[in-house]
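Asker: Next comes the structure file input.txt, holding compact mmCIF, C-alpha atoms.
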# COMPACT_ATOMS: atom_id res chain seq x y z
CA MET A 1275 96.69 98.26 113.27
CA ILE A 1276 93.90 99.99 111.36
CA LYS A 1277 90.26 99.02 111.58
CA ILE A 1278 88.77 96.19 109.57
CA ALA A 1279 87.16 97.24 106.29
CA ASP A 1280 83.39 97.65 106.46
CA HIS A 1281 82.70 96.31 102.98
CA HIS A 1282 83.77 93.12 101.28
CA LYS A 1283 85.73 94.85 98.57
CA LYS A 1284 87.36 92.58 96.03
CA ILE A 1285 91.12 92.89 95.74
CA LEU A 1286 93.12 91.24 92.97
CA LEU A 1287 96.76 90.61 93.81
CA VAL A 1288 98.96 89.98 90.76
CA GLU A 1289 102.15 88.58 92.29
CA ASN A 1290 104.27 85.54 91.40
CA ASP A 1291 106.16 85.26 94.72
CA PRO A 1292 104.28 82.70 96.88
CA GLY A 1293 105.64 84.13 100.16
CA VAL A 1294 104.47 87.67 99.43
CA SER A 1295 101.15 86.35 98.12
CA GLN A 1296 100.47 84.34 101.30
CA MET A 1297 101.32 87.26 103.59
CA LEU A 1298 99.14 89.70 101.64
CA LYS A 1299 96.31 87.16 101.46
CA LEU A 1300 96.37 86.77 105.24
CA LEU A 1301 96.55 90.53 105.79
CA LEU A 1302 93.79 91.41 103.36
CA GLU A 1303 91.40 88.68 104.51
CA THR A 1304 91.87 89.64 108.17
CA GLN A 1305 91.09 93.23 107.15
CA GLY A 1306 87.78 92.11 105.62
CA TYR A 1307 88.67 92.12 101.93
CA GLU A 1308 87.72 89.42 99.46
CA PHE A 1309 91.01 88.19 98.01
CA PHE A 1310 91.74 87.06 94.45
CA HIS A 1311 95.20 86.02 93.31
CA ALA A 1312 96.86 85.78 89.93
CA THR A 1313 100.46 84.74 89.30
CA SER A 1314 100.64 86.02 85.73
CA GLY A 1315 99.32 88.82 83.58
CA GLN A 1316 97.13 86.47 81.54
CA THR A 1317 95.46 85.08 84.66
CA ALA A 1318 95.00 88.61 85.99
CA ILE A 1319 93.06 89.75 82.91
CA GLN A 1320 90.83 86.65 83.15
CA THR A 1321 90.18 87.27 86.87
CA LEU A 1322 88.81 90.77 86.20
CA VAL A 1323 85.39 89.26 85.38
CA HIS A 1324 84.81 89.07 89.17
CA LYS A 1325 84.05 92.84 89.44
CA ILE A 1326 87.33 93.66 91.16
CA ASP A 1327 87.49 96.87 93.24
CA LEU A 1328 91.30 97.28 93.27
CA ILE A 1329 94.34 95.68 91.66
CA LEU A 1330 97.66 95.25 93.45
CA LEU A 1331 100.12 94.74 90.59
CA ASP A 1332 103.69 93.56 91.11
CA LEU A 1333 106.13 95.01 88.62
CA ASP A 1334 108.07 91.77 88.10
CA LEU A 1335 105.88 89.14 86.45
CA PRO A 1336 107.12 86.10 84.50
CA ASP A 1337 104.88 86.15 81.43
CA GLN A 1338 104.44 89.80 80.46
CA SER A 1339 105.28 93.31 81.50
CA SER A 1340 103.21 94.81 84.31
CA PHE A 1341 103.33 98.06 82.39
CA LYS A 1342 101.64 96.30 79.46
CA ILE A 1343 98.95 94.90 81.80
CA CYS A 1344 98.37 98.35 83.32
CA ARG A 1345 98.10 99.91 79.84
CA GLU A 1346 95.70 97.18 78.68
CA ILE A 1347 93.42 97.69 81.70
CA LYS A 1348 93.44 101.49 81.47
CA HIS A 1349 92.65 101.43 77.73
CA ASN A 1350 89.69 99.07 78.19
CA GLN A 1351 86.40 101.00 78.65
CA ASP A 1352 84.96 98.25 80.85
CA LEU A 1353 88.00 98.04 83.15
CA ASN A 1354 89.63 101.49 83.26
CA HIS A 1355 87.68 102.50 86.38
CA ILE A 1356 89.53 99.89 88.48
CA PRO A 1357 92.29 101.53 90.51
CA ILE A 1358 95.77 100.00 90.32
CA ILE A 1359 98.50 100.14 92.94
CA MET A 1360 101.82 98.97 91.51
CA PHE A 1361 104.62 97.72 93.74
CA SER A 1362 108.14 96.48 93.28
CA ALA A 1363 111.39 95.85 95.12
CA LYS A 1364 112.93 98.29 92.65
CA GLY A 1365 112.44 101.91 93.62
CA LEU A 1366 113.68 103.21 90.29
CA SER A 1367 112.36 106.64 89.46
CA GLY A 1368 111.79 105.66 85.83
CA ASP A 1369 109.59 102.71 86.81
CA ILE A 1370 107.55 104.83 89.19
CA ILE A 1371 107.05 107.56 86.58
CA GLU A 1372 106.12 105.08 83.86
CA GLY A 1373 103.61 103.39 86.19
CA PHE A 1374 101.89 106.68 86.95
CA TYR A 1375 102.05 107.71 83.29
CA LEU A 1376 100.25 104.51 82.28
CA GLY A 1377 97.47 105.10 84.79
CA ALA A 1378 98.56 103.50 88.07
CA ASP A 1379 96.92 105.23 91.02
CA ASP A 1380 99.77 104.63 93.46
CA TYR A 1381 103.16 102.94 93.68
CA LEU A 1382 104.83 101.25 96.65
CA VAL A 1383 108.41 100.08 97.03
CA LYS A 1384 108.93 96.71 98.78
CA PRO A 1385 109.33 96.13 101.61
CA PHE A 1386 106.42 98.26 102.76
CA GLU A 1387 104.41 98.47 105.95
CA TYR A 1388 101.10 96.60 105.69
CA ASP A 1389 99.23 99.45 107.39
CA ASP A 1390 100.63 101.78 104.74
CA LEU A 1391 99.34 99.47 102.00
CA VAL A 1392 95.83 99.22 103.50
CA VAL A 1393 95.59 102.99 104.04
CA ARG A 1394 96.67 103.63 100.45
CA MET A 1395 94.20 101.04 99.17
CA GLU A 1396 91.32 102.68 101.03
CA ALA A 1397 92.37 106.16 99.87
CA VAL A 1398 92.58 105.09 96.22
CA MET A 1399 89.20 103.32 96.36
CA ARG A 1400 87.63 106.30 98.12
CA ARG A 1401 88.90 108.67 95.42
CA ARG A 1402 87.55 106.36 92.72
CA SER A 1403 84.13 106.17 94.37
CA VAL A 1404 83.92 109.99 94.34
CA SER A 1405 84.92 110.24 90.65
CA PRO A 1406 81.51 109.26 89.17
CA VAL A 1407 79.78 111.87 91.36
CA ILE A 1408 82.19 114.57 90.21
CA GLU A 1409 81.73 113.54 86.56
CA ARG A 1410 77.94 113.85 86.90
CA GLN A 1411 78.33 117.29 88.52
CA GLU A 1412 80.70 118.43 85.76
CA LYS A 1413 78.24 117.28 83.09
CA HIS A 1414 75.46 119.20 84.84
CA VAL A 1415 77.61 122.36 85.02
CA GLU A 1416 78.54 121.95 81.35
CA HIS A 1417 74.85 121.65 80.46
CA VAL A 1418 73.99 124.77 82.49
CA GLU A 1419 76.85 126.69 80.83
CA GLN A 1420 75.55 125.69 77.39
CA ASP A 1421 72.11 126.97 78.34
CA VAL A 1422 73.58 130.32 79.46
CA VAL A 1423 75.54 130.67 76.20
CA LEU A 1424 72.42 129.90 74.16
CA GLU A 1425 70.39 132.43 76.13
CA LEU A 1426 73.06 135.12 75.69
CA GLY A 1427 73.18 134.35 71.98
CA TYR A 1428 69.41 134.81 71.80
CA ILE A 1429 69.63 138.15 73.65
CA VAL A 1430 72.31 139.47 71.25
CA ASP A 1431 70.57 138.08 68.14
CA GLU A 1432 67.28 139.70 69.12
CA GLU A 1433 69.18 142.93 69.79
CA LEU A 1434 67.85 143.14 73.32
CA VAL A 1435 71.32 144.35 74.27
CA ALA A 1436 74.28 145.62 72.29
CA PRO A 1437 77.81 144.34 72.78
CA VAL A 1438 80.22 147.22 73.42
CA PHE A 1439 84.02 147.00 73.46
CA GLN A 1440 85.51 149.05 76.25
CA PRO A 1441 89.28 149.50 76.27
CA ILE A 1442 91.02 149.00 79.58
CA TYR A 1443 94.57 150.28 79.89
CA TYR A 1444 97.12 148.10 81.62
CA LEU A 1445 99.67 150.65 82.76
CA ASP A 1446 102.68 148.46 83.55
CA ASP A 1447 103.76 148.13 79.95
CA TYR A 1448 101.11 150.30 78.25
CA ARG A 1449 99.14 147.47 76.72
CA ILE A 1450 95.49 147.94 75.93
CA LEU A 1451 93.24 145.17 77.10
CA GLY A 1452 89.62 144.94 76.11
CA LEU A 1453 86.46 144.04 77.92
CA GLU A 1454 83.34 143.22 76.02
CA ALA A 1455 80.27 144.25 77.93
CA LEU A 1456 76.57 143.83 77.24
CA CYS A 1457 74.66 147.08 77.57
CA ARG A 1458 70.89 147.26 77.64
CA LEU A 1459 69.28 149.22 74.85
CA THR A 1460 66.75 151.65 76.23
Go through the file and emit its structure as structure tokens.
Answerer:
Amino acid sequence: MIKIADHHKKILLVENDPGVSQMLKLLLETQGYEFFHATSGQTAIQTLVHKIDLILLDLDLPDQSSFKICREIKHNQDLNHIPIIMFSAKGLSGDIIEGFYLGADDYLVKPFEYDDLVVRMEAVMRRRSVSPVIERQEKHVEHVEQDVVLELGYIVDEELVAPVFQPIYYLDDYRILGLEALCRLT
């Protein structure tokens, strides 16, 4: 068995089978997770006000399509950061592909090992926690790149350097490729 989770992460299970729900509730609570349960898509959407960290979404729900629920969550700006792991007794390739296409972060086929579920949950939540850091870094790089482009534009506009086209011959099929270089004016 894997170690108990360090944080009280909130997990929403959307599952209408009481037996599966009870087993997962017991597993997740003994692993240190805070457990929320919904038996329908409508209840699931209402439960998301509890700042859920991960959604376990069964494919077979009575009131609406799990694919519709996944799409609704992933198109909502306030909810699309919540990772979703879909699961089903059906291992149909089309269902798996559609789940990933709609934004699911992982997909499990029942029956599955509970350790496998917990490891996948932790991996998905870990990847999601890194995403905001990467986004901030990408924005910083984009800002720096814009500054470099502006500075190069200034250098060319002020004629501090002259752009020169230098042909480079690519001998395999005798194409001419070009390289634009900046040369200092002296």
Asker: Taking all atoms listed in the file into account, name the residue in A:Glu1396, A:Val1294, A:Tyr1375, A:Leu1302 that is nearest to Arg1345 of chain A.
Answerer: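 Among the listed residues, the smallest separation from Arg1345 of chain A belongs to A:Tyr1375.
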Asker: Which is closest to Gly1377 of chain A among A:Ala1318, A:Cys1344, A:Leu1300, A:Val1392, if we use only C-alpha atoms?
Answerer: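 Result for the nearest residue to Gly1377 of chain A: A:Cys1344.
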Asker: Would you mind reading off the distance between atom CA of Lys1325 of chain A and atom CA of Arg1394 of chain A, one decimal, in Å?
Answerer: 19.9 Å
Asker: Please, what is the axis-aligned box for every listed atom of segment 1422-1428 of chain A with 4 Å on each side, as centre and edge lengths in Å to one decimal, as lines of an AutoDock Vina configuration file?
Answerer:
center_x = 72.5
center_y = 132.5
center_z = 75.6
size_x = 14.1
size_y = 13.2
size_z = 15.7
Asker: Can you work out the spacing between atom CA of Ile1370 of chain A and atom CA of Lys1342 of chain A in Å, to one decimal?
Answerer: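 Between atom CA of Ile1370 of chain A and atom CA of Lys1342 of chain A the gap is 14.2 Å.
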Asker: Determine the nearest neighbour of Leu1333 of chain A from the options A:Val1423, A:Leu1287, A:Leu1353, A:Val1393, counting only C-alpha atoms.
Answerer: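 Checking each candidate against Leu1333 of chain A, we get A:Leu1287 as the closest.
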Asker: Which neighbours of Glu1308 of chain A fall inside 6 Å, counting only C-alpha atoms, when residues of the same chain fewer than 2 positions from it are skipped, and could you give them as a PyMOL selection string?
Answerer: chain A and resi 1282-1284
Asker: Give the answer as one residue: which of A:Pro1292, A:Leu1286, A:Ile1329, A:Met1360 has the shortest atom-to-atom distance to Phe1309 of chain A, using all atoms listed in the file?
Answerer: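 Of the candidates, the smallest distance to Phe1309 of chain A is held by A:Leu1286.
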Asker: At what distance in Å, to one decimal, does atom CA of Val1323 of chain A lie from atom CA of Asp1369 of chain A?
Answerer: 27.7 Å
Asker: For Asp1379 of chain A, find every residue with an atom within 8 Å (counting only C-alpha atoms), except residues of its own chain fewer than 6 positions away, and show them as a PDB file with C-alpha atoms, in the frame of the given file.
Answerer:
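File written: out.pdb
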ATOM      1  CA  PRO A1357      92.290 101.530  90.510  1.00  0.00           C
ATOM      2  CA  ILE A1358      95.770 100.000  90.320  1.00  0.00           C
ATOM      3  CA  ILE A1359      98.500 100.140  92.940  1.00  0.00           C
ATOM      4  CA  MET A1360     101.820  98.970  91.510  1.00  0.00           C
ATOM      5  CA  VAL A1398      92.580 105.090  96.220  1.00  0.00           C
TER       6      VAL A1398
END
Asker: Can you work out which one of A:Leu1376, A:Ile1429, A:Leu1331, A:Leu1391 has the shortest atom-to-atom distance to Ser1362 of chain A, counting all atoms listed in the file?
Answerer: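 Comparing A:Leu1376, A:Ile1429, A:Leu1331, A:Leu1391 against Ser1362 of chain A, the winner is A:Leu1331.
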Asker: Please provide the set of residues having any atom within 8 Å of Thr1313 of chain A, restricted to all atoms listed in the file, with same-chain residues fewer than 5 positions apart removed, written as number ranges by chain.
Answerer: A: 1288-1291, 1318, 1335
Asker: Neighbouring residues of Asp1352 of chain A were defined as those with any atom within 12 Å, considering all atoms listed in the file; residues of the same chain fewer than 3 positions away were excluded. Please report them as a PDB file with C-alpha atoms, keeping the file's coordinate frame.
Answerer:
ATOM      1  CA  ILE A1319      93.060  89.750  82.910  1.00  0.00           C
ATOM      2  CA  LEU A1322      88.810  90.770  86.200  1.00  0.00           C
ATOM      3  CA  VAL A1323      85.390  89.260  85.380  1.00  0.00           C
ATOM      4  CA  LYS A1325      84.050  92.840  89.440  1.00  0.00           C
ATOM      5  CA  ILE A1326      87.330  93.660  91.160  1.00  0.00           C
ATOM      6  CA  GLU A1346      95.700  97.180  78.680  1.00  0.00           C
ATOM      7  CA  ILE A1347      93.420  97.690  81.700  1.00  0.00           C
ATOM      8  CA  LYS A1348      93.440 101.490  81.470  1.00  0.00           C
ATOM      9  CA  HIS A1349      92.650 101.430  77.730  1.00  0.00           C
ATOM     10  CA  HIS A1355      87.680 102.500  86.380  1.00  0.00           C
ATOM     11  CA  ILE A1356      89.530  99.890  88.480  1.00  0.00           C
TER      12      ILE A1356
END
